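Let me begin by presenting the structure, written as structure tokens, before commenting on it.
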Amino acid sequence: MTDAPEAKGWFTRLRDGLSKTSTQLTRGITEIFTKEKLDAATLDELEDLLIQSDLGVATAERVTAAVGRARHAKQLDGESVRAIVAQEVARVLAPVAVPLDPPESARPAVILVVGVNGSGKTTTIGKLAETYRTAGLKVVLAAGDTFRAAAVEQLAVWAQRTGAAFVSKETGADAAALAYEAYAKARADDADLLIVDTAGRLQNKAGLMAELEKIVRVLKKFDADAPHACLLVLDATTGQNALGQVEAFAKTAGVTGLVMTKLDGTARGGILVAVAEKYRLPVHFIGVGEGLDDLEPFDPDDFARALVGLPRVEKTYEF
Ligand SMILES: Nc1nc2c(ncn2[C@@H]2O[C@H](COP(=O)(O)OP(=O)(O)OP(=O)(O)O)[C@@H](O)[C@H]2O)c(=O)[nH]1
């Protein structure tokens with residue numbers, strides 16, 4: 001298969017990126033499962049470890065129950081417990097692993113990108129532009145974070161780097177007016193995809209909501225189905241705060257899917273599982289670095305194996 005080397009490269013980066021999380025989990029599991037006796041207290045310790053690793057209570061219970069069922073069948077060691085963790089985590093994640101396919105019929109399809117400041121929105125938009133440009137789509141980027149000149153400049157650099165068209169206005173300009181101009185340009189250019197950056201200010205929820213609503217209203221004047229996706233970018237290093245962010249943005253912005261960034265900088269990568277389990281929103285992409293190649297479509301099996309530091313299982317296909 002031609003894509004095998006690239007896929008392998010990504011898994012290695014994913015595993016390296018998640019190494020802080022997997023080292024912590026592996027160490028904890030190994031300590032718990034090298035004891036002579038395997039009893040209810042052992043399972044309680046495992047459950048506590050999984051909760052402390054941000055996986056969420058329901059997943060921790062589910063994994064512990066699976067390990068409990070397996071304990072009579074054979075002598076469990078750390079590695080087999082990690083394999084059970086990976087299997088159960090993959091089962092929790094499978095329903096939310098949904099690709100982001102902008103509708104081809106919409107010209108342009110519109111992706112609105114929201115999230116708190118610093119979550120990695122702009123970087124994610126740059127990487128998305130690269131992904132879709134590489135797939136042959138004509139992409140326009142709209143610098144909707146009009147409050148911060150640095151955010152506009154950063155997005156301009158990404159546009160240049162990826163060959164996407166770029167629309168911006170002066171600092172402080174109305175973000176909805178910018179969205180209007182960007183859509184008009186994208187349509188005039190017969191672009192496939194318009195990706196709109198937004199300012200992220202959770203601390204000013206009312207203002208944020210009004211601004212996002214205005215952007216959406218403007219887009220709907222062109223196309224009643226726009227935006228076709230509203231992506232919330234979450235920074236994994238914020239741990240449990242990610243849950244509050246999903247709550248707030250799901251209410252205010254009508255989030256349709258998630259991107260989780262910075263999984264490489266944290267021992268809290270388990271938070272993706274807690275978010276998936278609680279909100280059941282599609283997870284489209286995950287990010288493990290600042291480079292163009294560091295964003296990939298979300299694969300539940302790869303993520304679950306990397307989370308506990310196990311090698312990738314080559315997929316088998318049934319016909
Ligand atoms: N390690 C790591 N850093 C990342 C990742 N994604 C983004 N970053 C970095 O995180 C910082 C913030 O990213 P931005 O893309 O500027 O975030 P933003 O949400 O647009 O932030 P504002 O522009 O402040 O609204 C930058 O230094 C990025 O290079 C990632 O997956 N891993």
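Here, A, B, ... name the chains of the structure tokens in the order displayed, residue numbers run from 1 inside each chain, and ligands are numbered from 1 in the same displayed order.
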Hey, what's within 7 Å of Ala165 of chain A if we count only C-alpha atoms and toss same-chain stuff fewer than 5 positions away? As a PDB file with C-alpha atoms, in the first residue's frame, please?
ATOM      1  CA  VAL A 139      -9.383  27.119  -0.025  1.00  0.00           C
ATOM      2  CA  VAL A 140      -9.998  30.642   1.327  1.00  0.00           C
ATOM      3  CA  LEU A 141      -8.989  31.631   4.876  1.00  0.00           C
ATOM      4  CA  ALA A 159      -2.280  31.180   3.869  1.00  0.00           C
TER       5      ALA A 159
END
*asked:* Show me which residues line ligand 1, defined as having an atom within 9 Å of a ligand atom where only C-alpha atoms and all ligand atoms count, and present them as a PyMOL selection string.
replied: chain A and resi 17+114-126+145+148+150-152+154-155+197-201+233-236+260-266+286-291+294-295
Please provide the set of residues having any atom within 12 Å of segment 134-136 of chain A, restricted to only C-alpha atoms, with same-chain residues fewer than 2 positions apart removed, written as a ChimeraX atom specification. /A:101-102,127-132,138-139,162-164,191-193,292-293
Next, write the just-selected residues to a file, as a PDB file, in the first residue's frame, keeping C-alpha atoms as the atom set.
ATOM      1  CA  ASP A 101     -15.874  16.008   4.728  1.00  0.00           C
ATOM      2  CA  PRO A 102     -17.012  19.434   3.567  1.00  0.00           C
ATOM      3  CA  LYS A 127      -2.990  22.680   9.000  1.00  0.00           C
ATOM      4  CA  LEU A 128      -6.563  22.189   7.733  1.00  0.00           C
ATOM      5  CA  ALA A 129      -5.792  24.448   4.785  1.00  0.00           C
ATOM      6  CA  GLU A 130      -2.791  22.247   4.011  1.00  0.00           C
ATOM      7  CA  THR A 131      -4.876  19.064   4.299  1.00  0.00           C
ATOM      8  CA  TYR A 132      -7.628  20.274   1.985  1.00  0.00           C
ATOM      9  CA  LYS A 138      -9.488  25.581  -3.504  1.00  0.00           C
ATOM     10  CA  VAL A 139      -9.383  27.119  -0.025  1.00  0.00           C
ATOM     11  CA  THR A 162      -0.352  26.564   2.080  1.00  0.00           C
ATOM     12  CA  GLY A 163      -1.328  28.465  -1.053  1.00  0.00           C
ATOM     13  CA  ALA A 164      -4.771  29.354   0.271  1.00  0.00           C
ATOM     14  CA  ALA A 191     -13.632  28.199  -4.043  1.00  0.00           C
ATOM     15  CA  ASP A 192     -14.449  24.807  -2.545  1.00  0.00           C
ATOM     16  CA  LEU A 193     -13.875  25.739   1.056  1.00  0.00           C
ATOM     17  CA  LEU A 292       2.071  21.189   9.008  1.00  0.00           C
ATOM     18  CA  ASP A 293       2.168  17.403   9.314  1.00  0.00           C
TER      19      ASP A 293
END
Notebook entry, point to check: Just asking: which residues within segment 162-236 of chain A are strand (DSSP E) according to DSSP, as a PyMOL selection string?
Noted result: chain A and resi 165-167+193-197+229-235
#### Entry: Using only C-alpha atoms: which of A:Leu194, A:Ala66, A:Ala40, A:Ala179 has the shortest distance to Arg133 of chain A
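When distances to Arg133 of chain A are compared using only C-alpha atoms, the smallest one comes from A:Leu194.
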> How many Å lie between atom CA of Glu314 of chain A and atom CA of Ile29 of chain A, rounded to one decimal?
Replying inline: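 The value is 24.3 Å.
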Original post:
Taking into account only C-alpha atoms, which residue in the set A:Val216, A:Ile271, A:Ala306, A:Ala143 is nearest to Ala182 of chain A?
Top reply: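 Among the listed residues, A:Ala143 lies closest to Ala182 of chain A.
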Nearby residues (only C-alpha atoms) at most 8 Å from Ala176 of chain A, same-chain spacing under 6 positions excluded, as an MDAnalysis selection string: chainID A and resid 144 211 214:216 218
request  = DSSP on the backbone, then: every residue of segment 169-268 of chain A marked helix (DSSP H, G or I), written as an MDAnalysis selection string.
outcome  = chainID A and resid 175:188 202:222 236:238 241:253 263:265
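One finds atom CA of Lys251 of chain A at 23.5 Å from atom CA of Val92 of chain A.
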**Request:** Tell me which protein, DNA and RNA residues are within 8 Å of Thr23 of chain A, counting only C-alpha atoms, leaving out same-chain ones fewer than 3 positions away, and put them as a list of chain:residue names.
**Result:**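 Final neighbour list, sorted by chain and number: A:Ser19, A:Lys20, A:Thr26, A:Arg27, A:Val308, A:Gly309.
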Atom CA of Glu213 of chain A to atom CA of Ser168 of chain A, straight-line distance in Å
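Computed distance, atom CA of Ser168 of chain A to atom CA of Glu213 of chain A, equals 19.3 Å.
Take the candidates A:Leu76, A:Leu93, A:Val98, A:Ala58 and check each one against Leu272 of chain A using only C-alpha atoms; the shortest distance goes to A:Leu93.
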### Residue with smallest distance to Gln245 of chain A - pool A:Ala267, A:Ala226, A:Val110, A:Val275, counting only C-alpha atoms
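Smallest distance to Gln245 of chain A is found for A:Val275.
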Nearby residues (only C-alpha atoms) at most 8 Å from Ser53 of chain A, same-chain spacing under 3 positions excluded, as a ChimeraX atom specification:
/A:21,25,49-50,267-271
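Distances here use only C-alpha atoms; by that measure, the residue among A:Ala186, A:Leu310, A:Asp39, A:Gly9 closest to Ser80 of chain A is A:Leu310.
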Worksheet entry | Neighbour list for Val273 of chain A as a ChimeraX atom specification, cut-off 10 Å, only C-alpha atoms, skip fewer than 4 positions in-chain | /A:54-56,59-60,89-90,92-93,269,277-278,280,300,303-304
Dump as a compact mmCIF listing (two decimals), in the first residue's frame, selection limited to N, CA and C atoms:
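Wrote it out as selection_15.txt, contents follow:
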# COMPACT_ATOMS: atom_id res chain seq x y z
N ASP A 54 -7.44 11.50 33.81
CA ASP A 54 -8.43 12.32 33.09
C ASP A 54 -9.32 11.54 32.13
N LEU A 55 -9.36 10.21 32.21
CA LEU A 55 -10.17 9.46 31.24
C LEU A 55 -11.68 9.56 31.48
N GLY A 56 -12.05 10.06 32.65
CA GLY A 56 -13.49 10.19 32.95
C GLY A 56 -13.97 8.98 33.74
N THR A 59 -15.64 5.84 31.74
CA THR A 59 -14.65 5.01 31.02
C THR A 59 -13.79 4.25 32.02
N ALA A 60 -13.42 4.91 33.11
CA ALA A 60 -12.60 4.23 34.13
C ALA A 60 -13.35 3.01 34.66
N VAL A 89 -10.94 1.73 25.56
CA VAL A 89 -10.90 3.14 25.18
C VAL A 89 -11.27 3.28 23.69
N ALA A 90 -10.76 2.38 22.86
CA ALA A 90 -11.08 2.43 21.43
C ALA A 90 -12.58 2.24 21.21
N VAL A 92 -14.94 3.18 23.29
CA VAL A 92 -15.61 4.43 23.67
C VAL A 92 -15.44 5.46 22.55
N LEU A 93 -14.26 5.45 21.92
CA LEU A 93 -13.95 6.50 20.93
C LEU A 93 -14.50 6.21 19.53
N GLY A 269 -3.49 13.60 28.16
CA GLY A 269 -4.11 13.23 26.89
C GLY A 269 -5.39 12.44 27.06
N GLU A 277 -16.63 10.74 25.81
CA GLU A 277 -17.62 9.97 26.55
C GLU A 277 -18.76 10.86 27.03
N LYS A 278 -18.44 12.07 27.45
CA LYS A 278 -19.48 12.95 28.02
C LYS A 278 -20.32 13.63 26.94
N ARG A 280 -20.07 13.22 23.33
CA ARG A 280 -20.33 12.43 22.11
C ARG A 280 -20.35 13.27 20.84
N PRO A 300 -9.51 6.07 16.29
CA PRO A 300 -9.68 5.64 17.69
C PRO A 300 -8.72 4.53 18.11
N PHE A 303 -5.16 6.04 18.48
CA PHE A 303 -5.09 6.89 19.67
C PHE A 303 -5.06 6.04 20.94
N ALA A 304 -5.94 5.05 21.01
CA ALA A 304 -6.05 4.24 22.23
C ALA A 304 -4.76 3.46 22.49
Query - Top pick for closest residue to Gln75 of chain A, considering A:Val96, A:Leu232, A:Lys37, A:Val246 and counting only C-alpha atoms - result: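 The shortest atom-to-atom distance to Gln75 of chain A comes from A:Lys37.
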